[in-house]
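Student: This is the structure I have questions about; it appears just below.
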Amino acid sequence: MSNGFLALKRIIETIFDIFTLSPKEAREKYDEFPNFAEQIAKLFQEDRLFEIPERLNLQLEIVKSFSPKVRPALDPYTSLQIGVFNKNFSDWEIGRFLNYPECCIRSFIEEIRYGFDERHLNELKTLSRDCIFITTAGFIPHSIFCEKSIETGLASIIKYNELLLLEELEEELAKALPHSHPEYWHHYYDVLKFDTSHIIFGRSSKDSII
Ligand SMILES: [Zn+2]
């Protein structure tokens with residue numbers, strides 16, 4: 001089983017477990033993200049998440065067949081419905097729900113590192129030119145060498161041929177699980193790579209060049 005698959009499975013199992021609980025029980029059981037767990041249980045009870053189980057099972061099945069090192073973002077439709085993107089919950093709760101390492105949540109919140117910055121790029125410059133750094137879309141590690149994020153299937157340094165596999169996985173997910181979140185359209189990973197003399201953040205030369 002790949003780290004990326006296991007990381008996704010862990011989140012999906014948590015969601016399915018919350019579906020079996022009352023809002024109060026969810027709040028008590030998931031004390032690292034009580035408000036968020038309570039909200040998911042409440043929405044499920046109100047029958048507002050009825051499409052979610054089928055989508056999550058399908059995403060899990062597809063990701064299992066690709067066996068990626070790094071997990072793709074959770075189905076963006078699901079994330080929208082359960083409230084990952086709205087600002088009702090603290091970044092700590094969302095980070096813990098998504099199993100982000102403590103060191104990375106801390107750097108995101110306390111150092112306000114909401115995107116890839118100079119420090120990440122300086123680290124990237126120490127790698128050989130054929131290396132590509134990838135993360136689960138939306139996850140910003142405290143360092144591209146953060147061991148915890150690599151161990152838990154949230155980031156990796158890969159080679160070009162591995163990137164092709166991940167791009168194929170993104171296509172497959174986009175096809176099987178259509179949704180309307182524009183930022184996450186065909187976008188389940190973030191990619192940092194070199195292109196001749198530039199570092200490219202994103203997919204192609206059309207994306208931002210630093
Ligand atoms: Zn970290």
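Every chain in the structure tokens has a letter given in the order shown (A, B, ...), and although residue numbers restart at 1 in each chain, ligands are simply numbered from 1 in the order shown.
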Name all residues at most 12 Å from Ile18 in chain A (count only C-alpha atoms; drop same-chain ones fewer than 2 positions away) and give them as a tab-separated table (two decimals) with N, CA and C atoms, in the first residue's frame.
Tutor:
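Output file selection_22.tsv is given in full below:
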chain	number	residue	atom	x	y	z
A	11	ILE	N	-8.23	9.64	6.04
A	11	ILE	CA	-9.19	10.76	6.12
A	11	ILE	C	-10.60	10.27	5.80
A	12	ILE	N	-10.70	9.45	4.77
A	12	ILE	CA	-12.02	8.97	4.34
A	12	ILE	C	-12.64	8.09	5.43
A	13	GLU	N	-11.82	7.28	6.09
A	13	GLU	CA	-12.35	6.46	7.19
A	13	GLU	C	-12.84	7.34	8.33
A	14	THR	N	-12.15	8.42	8.59
A	14	THR	CA	-12.60	9.35	9.64
A	14	THR	C	-13.97	9.92	9.27
A	15	ILE	N	-14.11	10.34	8.01
A	15	ILE	CA	-15.41	10.91	7.59
A	15	ILE	C	-16.52	9.87	7.74
A	16	PHE	N	-16.26	8.65	7.29
A	16	PHE	CA	-17.29	7.60	7.40
A	16	PHE	C	-17.61	7.30	8.87
A	20	THR	N	-21.41	7.92	11.40
A	20	THR	CA	-22.15	7.00	12.27
A	20	THR	C	-22.44	7.62	13.64
A	21	LEU	N	-21.94	8.83	13.87
A	21	LEU	CA	-22.03	9.44	15.20
A	21	LEU	C	-23.03	10.60	15.23
A	22	SER	N	-23.56	10.86	16.42
A	22	SER	CA	-24.37	12.07	16.58
A	22	SER	C	-23.40	13.25	16.64
A	23	PRO	N	-23.88	14.49	16.40
A	23	PRO	CA	-22.97	15.63	16.49
A	23	PRO	C	-22.24	15.70	17.84
A	24	LYS	N	-22.95	15.37	18.90
A	24	LYS	CA	-22.32	15.44	20.23
A	24	LYS	C	-21.22	14.38	20.37
A	25	GLU	N	-21.54	13.17	19.90
A	25	GLU	CA	-20.53	12.09	19.97
A	25	GLU	C	-19.31	12.42	19.11
A	26	ALA	N	-19.56	13.00	17.94
A	26	ALA	CA	-18.45	13.35	17.04
A	26	ALA	C	-17.54	14.37	17.70
A	27	ARG	N	-18.15	15.33	18.34
A	27	ARG	CA	-17.40	16.37	19.03
A	27	ARG	C	-16.51	15.79	20.13
A	28	GLU	N	-17.07	14.83	20.86
A	28	GLU	CA	-16.30	14.23	21.96
A	28	GLU	C	-15.19	13.31	21.46
A	29	LYS	N	-15.50	12.52	20.43
A	29	LYS	CA	-14.52	11.55	19.95
A	29	LYS	C	-13.35	12.24	19.24
A	30	TYR	N	-13.65	13.25	18.44
A	30	TYR	CA	-12.58	13.89	17.66
A	30	TYR	C	-12.18	15.21	18.33
A	33	PHE	N	-10.38	18.18	16.55
A	33	PHE	CA	-11.14	19.08	15.65
A	33	PHE	C	-12.63	18.97	15.98
A	34	PRO	N	-12.99	19.30	17.24
A	34	PRO	CA	-14.37	19.08	17.71
A	34	PRO	C	-15.44	19.84	16.94
A	36	PHE	N	-15.36	21.00	13.90
A	36	PHE	CA	-15.46	20.51	12.52
A	36	PHE	C	-16.15	19.14	12.48
A	37	ALA	N	-15.77	18.26	13.40
A	37	ALA	CA	-16.39	16.92	13.45
A	37	ALA	C	-17.89	17.04	13.74
A	38	GLU	N	-18.23	17.93	14.64
A	38	GLU	CA	-19.64	18.15	14.98
A	38	GLU	C	-20.44	18.61	13.75
A	39	GLN	N	-19.82	19.52	13.01
A	39	GLN	CA	-20.47	20.05	11.80
A	39	GLN	C	-20.71	18.95	10.76
A	40	ILE	N	-19.71	18.09	10.55
A	40	ILE	CA	-19.86	17.01	9.56
A	40	ILE	C	-21.01	16.08	9.98
A	41	ALA	N	-21.04	15.73	11.27
A	41	ALA	CA	-22.09	14.82	11.76
A	41	ALA	C	-23.47	15.47	11.59
A	42	LYS	N	-23.53	16.75	11.85
A	42	LYS	CA	-24.80	17.48	11.74
A	42	LYS	C	-25.28	17.51	10.27
A	43	LEU	N	-24.37	17.82	9.38
A	43	LEU	CA	-24.74	17.88	7.95
A	43	LEU	C	-25.21	16.51	7.47
A	44	PHE	N	-24.53	15.46	7.94
A	44	PHE	CA	-24.90	14.11	7.51
A	44	PHE	C	-26.29	13.75	8.04
A	45	GLN	N	-26.53	14.09	9.30
A	45	GLN	CA	-27.85	13.84	9.91
A	45	GLN	C	-28.96	14.56	9.14
A	49	LEU	N	-25.33	15.45	2.91
A	49	LEU	CA	-24.09	14.89	2.37
A	49	LEU	C	-24.37	13.56	1.66
A	53	PRO	N	-20.69	9.62	0.25
A	53	PRO	CA	-20.08	8.29	0.39
A	53	PRO	C	-19.69	7.66	-0.95
A	82	ILE	N	-18.38	19.69	3.11
A	82	ILE	CA	-18.20	19.53	4.56
A	82	ILE	C	-17.60	20.78	5.20
A	97	PHE	N	-7.59	17.63	11.02
A	97	PHE	CA	-8.51	16.75	10.30
A	97	PHE	C	-7.80	16.14	9.08
Student: When you look at range 89-94 of chain A with a cut-off of 9 Å (counting only C-alpha atoms), what residues show up, excluding the ones that are within fewer than 4 positions of it in the same chain? I need them as a list in words.
Tutor: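 The residues that qualify are Glu32, Phe33, Pro34, Asn35, Phe36, Gly83, Val84, Phe85, Leu98, Asn99, Tyr100, Glu102, Ile105, Arg106, Phe108 and Ile109 of chain A.
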Student: Please identify all polymer residues within 7 Å of His186 in chain A, counting only C-alpha atoms, omitting same-chain residues fewer than 5 positions from it, and present them as number ranges by chain.
Tutor: A: 170-171, 174
Student: Could you save the residues just selected, with C-alpha atoms, as an mmCIF file, in the first residue's frame?
Tutor:
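This is the output file selection.cif:
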data_model
loop_
_atom_site.group_PDB
_atom_site.id
_atom_site.type_symbol
_atom_site.label_atom_id
_atom_site.label_comp_id
_atom_site.auth_asym_id
_atom_site.auth_seq_id
_atom_site.Cartn_x
_atom_site.Cartn_y
_atom_site.Cartn_z
ATOM 1 C CA GLU A 170 -5.431 13.858 -11.721
ATOM 2 C CA GLU A 171 -7.070 13.427 -15.117
ATOM 3 C CA ALA A 174 -11.307 14.915 -12.707
#
Student: Using only C-alpha atoms and all ligand atoms, find the one residue out of A:Lys9, A:Arg48, A:Lys125, A:Lys148 that sits nearest to ligand 1.
Tutor: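 For ligand 1, the nearest of the candidates is A:Lys148.
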Student: Write out as a list in words each polymer residue whose atoms come within 9 Å of range 117-121 of chain A, counting only C-alpha atoms; drop sequence neighbours fewer than 4 positions from it.
Tutor: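 Within the cut-off, the hits are Arg113, Lys125, Thr126, Pro141, His142, Ser143, Ile144, Leu192, Ile199 and Ile210 of chain A.
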Student: Could you tell me which of A:Leu80, A:Val63, A:Leu166, A:Ile140 comes closest to Gly115 in chain A if we count only C-alpha atoms?
Tutor: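 Nearest to Gly115 in chain A: A:Ile140.
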Student: What's the 8 Å shell around Thr78 in chain A, counting only C-alpha atoms, without same-chain residues fewer than 6 positions away, as a list in words?
Tutor: Ile52, Arg55 and Leu56 of chain A
Student: With C-alpha atoms retained, write the just-selected residues as a PDB file, in the first residue's frame.
Tutor:
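Saved file again-v5.pdb follows:
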ATOM      1  CA  ILE A  52     -20.523  11.999  -0.478  1.00  0.00           C
ATOM      2  CA  ARG A  55     -17.754   9.849  -4.324  1.00  0.00           C
ATOM      3  CA  LEU A  56     -15.311   9.008  -1.557  1.00  0.00           C
TER       4      LEU A  56
END
Student: In terms of the shortest atom-to-atom distance over only C-alpha atoms and all ligand atoms, which of A:Pro182, A:Pro101, A:Gly138, A:Pro72 is closest to ligand 1?
Tutor: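 Distance minimum relative to ligand 1 lands on A:Pro101.
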Student: Can you list, as a ChimeraX atom specification, every residue of range 8-148 of chain A that DSSP puts in strand (DSSP E)?
Tutor: /A:132-136
Student: Write the residues you've just listed into a file as a CSV table (one decimal), in the first residue's frame, and include C-alpha atoms for each of them.
Tutor:
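Dumped to again_1.csv:
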chain,number,residue,atom,x,y,z
A,132,ILE,CA,10.5,17.9,-8.8
A,133,PHE,CA,8.9,18.7,-5.5
A,134,ILE,CA,5.2,17.8,-5.1
A,135,THR,CA,2.7,18.1,-2.4
A,136,THR,CA,-1.0,17.4,-1.9
Student: What separation in Å, quoted to one decimal, exists between CA of Phe145 in chain A and CA of Glu123 in chain A?
Tutor: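 Rounded to one decimal, the two atoms are 8.1 Å apart.
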Student: Report the distance between CA of Glu51 in chain A and CA of Leu177 in chain A in Å, rounded to one decimal place.
Tutor: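 Value for the CA of Glu51 in chain A-CA of Leu177 in chain A distance: 11.1 Å.
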Student: So which residues of range 34-207 of chain A fall under helix (DSSP H, G or I) by DSSP, listed as a VMD selection string?
Tutor: chain A and resid 34 to 45 52 to 66 76 to 82 91 to 97 102 to 110 118 to 124 147 to 151 160 to 176 182 to 184
Student: What's the separation between CA of Glu147 in chain A and CA of Leu74 in chain A, in Å to one decimal place?
Tutor: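 Between CA of Glu147 in chain A and CA of Leu74 in chain A the gap works out to 21.5 Å.
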Student: Would you please work out which residue, of A:Gly4, A:Tyr189, A:Tyr114, A:Ser65, is nearest to Leu163 in chain A when using only C-alpha atoms?
Tutor: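 Closest candidate: A:Tyr189.
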Student: Which residue, A:Pro76, A:Gly95, A:Pro178, A:Pro68, has the smallest gap to ligand 1 when you use only C-alpha atoms and all ligand atoms?
Tutor: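 For ligand 1, the nearest of the candidates is A:Gly95.
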